[in-house]
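K.L.:
Handing over target.tsv, TSV, C-alpha atoms.
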```tsv
chain	number	residue	atom	x	y	z
A	735	MET	CA	19.74	-33.02	-44.92
A	736	LEU	CA	17.16	-30.93	-43.11
A	737	ILE	CA	15.71	-32.04	-39.81
A	738	ASP	CA	12.26	-31.49	-41.36
A	739	ASP	CA	13.08	-34.18	-43.93
A	740	LEU	CA	13.73	-36.93	-41.41
A	741	GLY	CA	10.28	-38.41	-41.87
A	742	PRO	CA	8.01	-40.17	-39.36
A	743	MET	CA	9.62	-42.03	-36.49
A	744	GLU	CA	8.93	-45.60	-35.45
A	745	THR	CA	6.73	-46.30	-32.46
A	746	THR	CA	9.43	-47.99	-30.34
A	747	SER	CA	12.20	-46.35	-28.33
A	748	LEU	CA	11.09	-42.88	-29.29
A	749	ALA	CA	13.57	-41.21	-26.95
A	750	ASP	CA	16.46	-43.15	-28.49
A	751	GLN	CA	15.25	-42.34	-31.99
A	752	ALA	CA	14.84	-38.67	-31.12
A	753	TYR	CA	18.37	-38.64	-29.71
A	754	ARG	CA	19.79	-40.25	-32.85
A	755	ARG	CA	17.87	-37.92	-35.18
A	756	LEU	CA	18.96	-34.83	-33.28
A	757	ARG	CA	22.59	-35.97	-33.27
A	758	GLU	CA	22.39	-36.47	-37.04
A	759	ALA	CA	20.81	-33.04	-37.52
A	760	ILE	CA	23.61	-31.42	-35.49
A	761	ARG	CA	26.28	-33.38	-37.33
A	762	ASP	CA	24.85	-32.53	-40.76
A	763	GLY	CA	24.35	-28.85	-39.97
A	764	ALA	CA	20.54	-28.81	-39.94
A	765	LEU	CA	20.95	-27.62	-36.35
A	766	ARG	CA	23.93	-25.27	-36.13
A	767	PRO	CA	26.28	-24.36	-33.25
A	768	GLY	CA	24.77	-21.53	-31.23
A	769	GLU	CA	21.24	-22.03	-32.62
A	770	LYS	CA	18.44	-21.65	-30.06
A	771	ILE	CA	16.04	-24.59	-29.84
A	772	THR	CA	12.87	-25.57	-27.98
A	773	GLU	CA	11.40	-28.93	-27.07
A	774	ARG	CA	8.08	-28.07	-28.68
A	775	ASP	CA	9.59	-26.98	-32.01
A	776	LEU	CA	11.87	-30.01	-32.24
A	777	ALA	CA	8.98	-32.33	-31.35
A	778	ALA	CA	6.87	-30.82	-34.12
A	779	ARG	CA	9.67	-31.16	-36.66
A	780	LEU	CA	10.29	-34.78	-35.68
A	781	GLY	CA	6.59	-35.62	-35.52
A	782	VAL	CA	6.56	-36.85	-31.91
A	783	SER	CA	5.35	-35.63	-28.53
A	784	PRO	CA	7.66	-33.43	-26.43
A	785	THR	CA	8.39	-36.23	-23.92
A	786	PRO	CA	10.92	-38.27	-25.98
A	787	VAL	CA	12.51	-35.05	-27.22
A	788	ARG	CA	12.87	-33.88	-23.61
A	789	GLU	CA	14.64	-37.13	-22.74
A	790	ALA	CA	16.90	-36.87	-25.79
A	791	LEU	CA	17.80	-33.29	-24.96
A	792	ARG	CA	18.61	-34.27	-21.39
A	793	GLN	CA	21.21	-36.70	-22.75
A	794	LEU	CA	22.58	-34.13	-25.20
A	795	VAL	CA	22.94	-31.60	-22.38
A	796	HIS	CA	24.82	-34.23	-20.36
A	797	GLU	CA	27.15	-34.74	-23.35
A	798	ARG	CA	27.53	-30.93	-23.67
A	799	VAL	CA	26.29	-31.03	-27.25
A	800	VAL	CA	23.32	-28.89	-26.13
A	801	GLU	CA	23.53	-26.30	-23.36
A	802	ARG	CA	21.02	-24.47	-21.21
A	803	VAL	CA	20.96	-20.69	-21.48
A	804	GLY	CA	18.20	-20.03	-18.94
A	805	PRO	CA	15.41	-21.78	-17.02
A	806	ARG	CA	13.77	-22.87	-20.27
A	807	GLY	CA	16.25	-21.81	-22.95
A	808	LEU	CA	18.40	-24.28	-24.89
A	809	ARG	CA	20.87	-23.92	-27.72
A	810	ILE	CA	23.24	-26.09	-29.72
A	811	ALA	CA	26.61	-25.72	-28.01
A	812	PRO	CA	28.91	-23.40	-29.97
A	813	TYR	CA	32.42	-24.56	-30.80
A	814	SER	CA	35.29	-22.96	-28.94
A	815	SER	CA	38.18	-21.85	-31.13
A	816	ALA	CA	40.31	-24.65	-29.65
A	817	ALA	CA	37.65	-27.28	-30.32
A	818	ARG	CA	37.16	-26.03	-33.87
A	819	SER	CA	40.91	-26.22	-34.48
A	820	GLU	CA	41.02	-29.82	-33.23
A	821	ILE	CA	38.05	-30.79	-35.42
A	822	VAL	CA	39.76	-29.22	-38.42
A	823	GLU	CA	42.91	-31.25	-37.74
A	824	ALA	CA	40.88	-34.45	-37.46
A	825	GLU	CA	39.17	-33.77	-40.78
A	826	VAL	CA	42.48	-32.97	-42.48
A	827	ARG	CA	44.14	-36.18	-41.28
A	828	LEU	CA	41.19	-38.38	-42.20
A	829	SER	CA	40.87	-36.75	-45.64
A	830	ALA	CA	44.57	-37.30	-46.26
A	831	LEU	CA	44.29	-40.96	-45.28
A	832	MET	CA	41.33	-41.39	-47.62
A	833	ALA	CA	43.40	-39.92	-50.47
A	834	ARG	CA	46.22	-42.37	-49.73
A	835	LEU	CA	43.80	-45.29	-49.81
A	836	ALA	CA	42.19	-43.94	-52.98
A	837	ALA	CA	45.56	-44.03	-54.73
A	838	ARG	CA	45.86	-47.64	-53.67
A	839	ASN	CA	42.32	-48.89	-54.30
A	840	ALA	CA	40.66	-46.78	-57.01
A	841	SER	CA	39.40	-48.66	-60.05
A	842	ALA	CA	40.14	-47.51	-63.58
A	843	GLU	CA	36.48	-46.59	-63.99
A	844	GLN	CA	36.56	-44.42	-60.85
A	845	LEU	CA	39.65	-42.60	-62.01
A	846	THR	CA	38.02	-41.93	-65.38
A	847	SER	CA	34.99	-40.53	-63.60
A	848	LEU	CA	37.19	-38.22	-61.50
A	849	ALA	CA	38.93	-36.94	-64.62
A	850	SER	CA	35.56	-36.29	-66.28
A	851	LEU	CA	34.38	-34.34	-63.25
A	852	LEU	CA	37.42	-32.08	-63.38
A	853	THR	CA	36.92	-31.48	-67.09
A	854	GLN	CA	33.38	-30.30	-66.37
A	855	ALA	CA	34.62	-28.16	-63.47
A	856	ASP	CA	37.34	-26.61	-65.65
A	857	ARG	CA	34.67	-25.14	-67.91
A	858	ILE	CA	32.93	-23.50	-64.96
A	859	MET	CA	36.25	-22.30	-63.53
A	860	PHE	CA	37.17	-20.76	-66.88
A	861	SER	CA	33.95	-18.75	-66.82
A	862	ILE	CA	34.65	-17.55	-63.27
A	863	GLU	CA	38.21	-16.52	-64.08
A	864	LYS	CA	37.14	-14.77	-67.28
A	865	ALA	CA	34.57	-12.70	-65.40
A	866	THR	CA	37.15	-11.89	-62.73
A	867	ALA	CA	39.75	-10.79	-65.29
A	868	GLU	CA	37.33	-8.65	-67.28
A	869	GLN	CA	35.22	-7.10	-64.55
A	870	GLY	CA	37.04	-7.66	-61.26
A	871	SER	CA	36.48	-10.15	-58.48
A	872	GLU	CA	33.14	-8.59	-57.58
A	873	ALA	CA	31.78	-9.84	-60.91
A	874	VAL	CA	32.00	-13.51	-59.86
A	875	ILE	CA	28.47	-14.83	-60.04
A	876	THR	CA	27.09	-16.69	-57.05
A	877	ASP	CA	25.45	-19.32	-59.28
A	878	GLU	CA	28.80	-20.15	-60.87
A	879	LEU	CA	30.52	-20.38	-57.50
A	880	THR	CA	27.76	-22.67	-56.30
A	881	ALA	CA	28.19	-24.83	-59.40
A	882	ILE	CA	31.97	-25.17	-58.98
A	883	PHE	CA	31.54	-25.83	-55.26
A	884	ARG	CA	29.13	-28.68	-55.98
A	885	LYS	CA	31.50	-30.19	-58.55
A	886	MET	CA	34.36	-30.09	-56.07
A	887	ARG	CA	32.20	-31.59	-53.34
A	888	LEU	CA	31.29	-34.42	-55.71
A	889	PHE	CA	34.98	-34.84	-56.62
A	890	HIS	CA	35.96	-35.29	-52.98
A	891	GLN	CA	33.06	-37.66	-52.38
A	892	GLU	CA	34.26	-39.80	-55.27
A	893	VAL	CA	37.82	-39.75	-53.93
A	894	GLU	CA	36.44	-41.01	-50.63
A	895	ALA	CA	34.51	-43.72	-52.47
A	896	CYS	CA	37.76	-44.75	-54.18
A	897	ALA	CA	39.26	-45.49	-50.77
A	898	LYS	CA	36.69	-48.29	-50.37
A	899	ASN	CA	36.63	-48.04	-46.59
A	900	PRO	CA	33.10	-47.33	-45.31
A	901	VAL	CA	34.24	-47.17	-41.68
A	902	LEU	CA	36.67	-44.33	-42.41
A	903	THR	CA	34.03	-42.65	-44.56
A	904	GLY	CA	31.68	-42.67	-41.58
A	905	LEU	CA	34.35	-41.26	-39.28
A	906	LEU	CA	35.16	-38.51	-41.75
A	907	ASN	CA	31.50	-37.54	-42.08
A	908	GLN	CA	31.30	-37.23	-38.30
A	909	ALA	CA	34.49	-35.14	-38.17
A	910	ARG	CA	33.37	-32.43	-40.59
A	911	ALA	CA	34.30	-29.02	-39.19
A	912	PHE	CA	31.57	-27.29	-41.24
A	913	SER	CA	28.23	-28.32	-42.67
A	914	TYR	CA	27.68	-28.25	-46.44
A	915	GLU	CA	25.68	-25.02	-46.13
A	916	GLU	CA	28.39	-23.37	-44.02
A	917	ARG	CA	31.10	-24.32	-46.49
A	918	LEU	CA	29.15	-22.93	-49.42
A	919	ASP	CA	28.19	-19.71	-47.66
A	920	ARG	CA	31.74	-19.04	-46.49
A	921	THR	CA	33.23	-19.89	-49.86
A	922	ILE	CA	30.96	-17.40	-51.60
A	923	GLU	CA	31.89	-14.83	-48.95
A	924	ILE	CA	35.67	-15.15	-49.23
A	925	VAL	CA	36.24	-15.72	-52.96
A	926	PRO	CA	35.92	-12.10	-54.14
A	927	ALA	CA	38.68	-10.97	-51.76
A	928	GLN	CA	40.83	-14.09	-52.13
A	929	ALA	CA	40.47	-15.08	-55.76
A	930	GLU	CA	44.12	-16.14	-56.12
A	931	ALA	CA	43.97	-18.47	-53.13
A	932	PHE	CA	40.72	-19.92	-54.50
A	933	HIS	CA	42.43	-20.59	-57.85
A	934	THR	CA	45.36	-22.29	-56.10
A	935	ARG	CA	43.04	-24.57	-54.14
A	936	TYR	CA	41.17	-25.45	-57.31
A	937	GLN	CA	44.37	-26.46	-59.11
A	938	GLU	CA	45.20	-28.79	-56.23
A	939	HIS	CA	42.36	-31.03	-57.41
A	940	HIS	CA	44.36	-31.63	-60.59
A	941	GLU	CA	47.47	-32.35	-58.52
A	942	LEU	CA	45.51	-34.88	-56.50
A	943	LEU	CA	44.10	-36.54	-59.60
A	944	ASP	CA	47.62	-36.82	-61.07
A	945	ALA	CA	48.80	-38.54	-57.89
A	946	LEU	CA	45.87	-40.95	-57.98
A	947	LEU	CA	46.48	-41.79	-61.64
A	948	ALA	CA	50.13	-42.48	-60.82
A	949	ARG	CA	49.13	-44.62	-57.82
A	950	ASP	CA	51.46	-42.43	-55.77
A	951	GLU	CA	50.11	-42.85	-52.24
A	952	ASP	CA	52.62	-40.51	-50.57
A	953	ARG	CA	51.97	-37.75	-53.07
A	954	ALA	CA	48.20	-38.16	-52.83
A	955	GLU	CA	48.34	-37.89	-49.05
A	956	GLU	CA	50.64	-34.85	-49.19
A	957	VAL	CA	48.45	-32.97	-51.69
A	958	ALA	CA	45.26	-33.81	-49.79
A	959	THR	CA	46.79	-32.67	-46.49
A	960	ARG	CA	47.87	-29.35	-47.96
A	961	HIS	CA	44.60	-28.82	-49.80
A	962	HIS	CA	42.22	-29.60	-46.95
A	963	ARG	CA	44.24	-27.77	-44.32
A	964	SER	CA	44.49	-24.54	-46.34
A	965	ALA	CA	40.80	-24.66	-47.24
A	966	LEU	CA	39.61	-25.35	-43.68
A	967	VAL	CA	41.91	-22.77	-42.11
A	968	GLN	CA	40.60	-20.19	-44.56
A	969	LEU	CA	37.00	-21.11	-43.84
A	970	SER	CA	37.69	-20.93	-40.11
A	971	SER	CA	38.89	-17.35	-40.46
A	972	CYS	CA	35.54	-16.10	-41.78
```
What is this file in C-alpha cells?
P.N.:
Amino acid sequence: MLIDDLGPMETTSLADQAYRRLREAIRDGALRPGEKITERDLAARLGVSPTPVREALRQLVHERVVERVGPRGLRIAPYSSAARSEIVEAEVRLSALMARLAARNASAEQLTSLASLLTQADRIMFSIEKATAEQGSEAVITDELTAIFRKMRLFHQEVEACAKNPVLTGLLNQARAFSYEERLDRTIEIVPAQAEAFHTRYQEHHELLDALLARDEDRAEEVATRHHRSALVQLSSC
C-alpha cells in the first residue's frame, strides 16, 4: 500500500488520523527506514494541512519511530542490527505459531486451494530451474522470479488464513521485518548467487503443505520455523 493511496481523511481528529496513517505507511513499507521526510510533503500526500502532520510527527519522534537529523530535517528511524534481529525472531515465532494453528484449523477447501497454488508455482519454478541449468543463474528472468515470489506470498497468506486467528494475523503483519517491496527486491538480488538455497526454501513449501494435510501441528511448526528463519536471515544479509 502506498501512502499516496490512503485517500482523503475525515474532518475530525486530523492529528490522530495523520498519526495512524503514517504508522501504517511505515509498517507497510511505503515509508522506509532511513527515508528523509518533510511535513509539507507528507501533508500533501495525505491531503491535509501541515498542522496535523506536525503533531503526528511530534508523537512519532517521541516514540523514536521518526528522528530529527537537523533543525528541520526528519527521517524514518533506521533499524539497528540488534533491533532487526529481534524483529526477525518475532516474525519467525509468530509465523510458526500460525502454521501450527493452520494444521489444526484449516478446512478441506483451504487445503485444496493451497495444493493448487503450489501446483501453479511448480510450473513457474520449473521454468526458472530450466533456465538456470541451461544458461546459468544469470539467466533467471526477473519477471519469473516476481511471479514465483507472488505465488509464495499468496501461499503464506492462505496458511495464515487457515489459522483462523485474526488477532495473531494482525500481530504478524505488524512484526514484518521487511516490506513486500523489500522482500521482492532482495530476493531478486540474491537468487542468482544462491540458487541452491532458493530451491531448498521453495521445497519447504511442499514440506509445510504435507504437514498441514497430515494435521501434524508439531511438524508444521518445525518446518515453518526453519523456513522463515532461513529466509529472513538471508534477506537480512543483503
K.L.:
Return the single residue from A:Gln844, A:Thr959, A:Ser861, A:Ser783 that is closest to Asp877 of chain A, with distances computed using all atoms listed in the file.
P.N.:
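Among the listed residues, the smallest separation from Asp877 of chain A belongs to A:Ser861.
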K.L.:
Using all atoms listed in the file, which residues of segment 812-907 of chain A come within 12 Å of segment 763-771 of chain A, and what is the closest atom pair for each, with the distance in Å to one decimal? Give it as a Markdown table, sorted by chain and residue number.
P.N.:
```
| residue | atom | partner | partner_atom | distance |
| --- | --- | --- | --- | --- |
| A:Pro812 | CA | A:Pro767 | CA | 4.3 |
| A:Tyr813 | CA | A:Pro767 | CA | 6.6 |
| A:Ser814 | CA | A:Pro767 | CA | 10.1 |
| A:Arg818 | CA | A:Pro767 | CA | 11.0 |
| A:Asn907 | CA | A:Gly763 | CA | 11.4 |
```
K.L.:
With distances taken over all atoms listed in the file, which residue among A:Val787, A:Gly807, A:Asp750, A:Ala849 lies nearest Val893 of chain A?
P.N.:
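Closest to Val893 of chain A of all the choices is A:Ala849.
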K.L.:
Set the distance at 9 Å and use only C-alpha atoms: which residues neighbour Leu879 of chain A once local chain neighbours fewer than 3 positions away are removed? I'd like the list as JSON, numbers by chain.
P.N.:
{"A": [858, 859, 862, 874, 875, 876, 882, 883, 884, 918, 921, 922, 925]}
K.L.:
Please tell me which residues are no farther than 8 Å from (7.4, -31.0, -29.1) in the file, counting only C-alpha atoms, and write them as a list in words.
P.N.:
Thr772, Glu773, Arg774, Asp775, Leu776, Ala777, Ala778, Arg779, Gly781, Val782, Ser783, Pro784, Thr785 and Val787 of chain A
K.L.:
Interatomic distance between atom CA of Arg755 of chain A and atom CA of Leu780 of chain A?
P.N.:
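If I compute the distance from atom CA of Arg755 of chain A to atom CA of Leu780 of chain A, I get 8.2 Å.
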K.L.:
Compile the contact shell of Thr934 of chain A as a PyMOL selection string: residues with an atom at most 12 Å away, counting all atoms listed in the file, same-chain residues fewer than 2 positions apart removed.
P.N.:
chain A and resi 859+925+928-932+936-941+957+960-961+964-965
K.L.:
Just the selected residues (C-alpha atoms), exported as a CSV table (one decimal), in the coordinates of the input, please.
P.N.:
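This is the output file again.csv:
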```csv
chain,number,residue,atom,x,y,z
A,859,MET,CA,36.2,-22.3,-63.5
A,925,VAL,CA,36.2,-15.7,-53.0
A,928,GLN,CA,40.8,-14.1,-52.1
A,929,ALA,CA,40.5,-15.1,-55.8
A,930,GLU,CA,44.1,-16.1,-56.1
A,931,ALA,CA,44.0,-18.5,-53.1
A,932,PHE,CA,40.7,-19.9,-54.5
A,936,TYR,CA,41.2,-25.4,-57.3
A,937,GLN,CA,44.4,-26.5,-59.1
A,938,GLU,CA,45.2,-28.8,-56.2
A,939,HIS,CA,42.4,-31.0,-57.4
A,940,HIS,CA,44.4,-31.6,-60.6
A,941,GLU,CA,47.5,-32.4,-58.5
A,957,VAL,CA,48.4,-33.0,-51.7
A,960,ARG,CA,47.9,-29.4,-48.0
A,961,HIS,CA,44.6,-28.8,-49.8
A,964,SER,CA,44.5,-24.5,-46.3
A,965,ALA,CA,40.8,-24.7,-47.2
```
K.L.:
For a test of reading the model, state the distance in Å between atom CA of Pro786 of chain A and atom CA of Ala752 of chain A, rounded to one decimal.
P.N.:
6.5 Å
K.L.:
Please report the interatomic distance between atom CA of Ala865 of chain A and atom CA of Ile924 of chain A in Å with one decimal.
P.N.:
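Rounded to one decimal, the two atoms are 16.4 Å apart.
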K.L.:
I'd like the contact shell of Ser971 of chain A - 10 Å cut-off, all atoms listed in the file, skipping same-chain residues fewer than 3 positions apart - returned as JSON, numbers by chain.
P.N.:
{"A": [920, 924, 966, 967, 968]}
K.L.:
From the list A:Ile760, A:Ala790, A:Leu831, A:Leu902, which residue is nearest Leu748 of chain A when using only C-alpha atoms?
P.N.:
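Counting only C-alpha atoms, the residue closest to Leu748 of chain A is A:Ala790.
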K.L.:
Which of these, A:Ala927, A:Leu756, A:Ala895, A:Leu969, has the shortest distance to Ala840 of chain A once you count all atoms listed in the file?
P.N.:
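Among A:Ala927, A:Leu756, A:Ala895, A:Leu969, it is A:Ala895 that comes nearest to Ala840 of chain A.
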K.L.:
Give me, as JSON, numbers by chain, all polymer residues having an atom no more than 10 Å from Arg827 of chain A, counting only C-alpha atoms and skipping those fewer than 3 positions away in the same chain.
P.N.:
{"A": [822, 823, 824, 830, 831, 832, 833, 906, 955, 958, 959, 962, 963]}
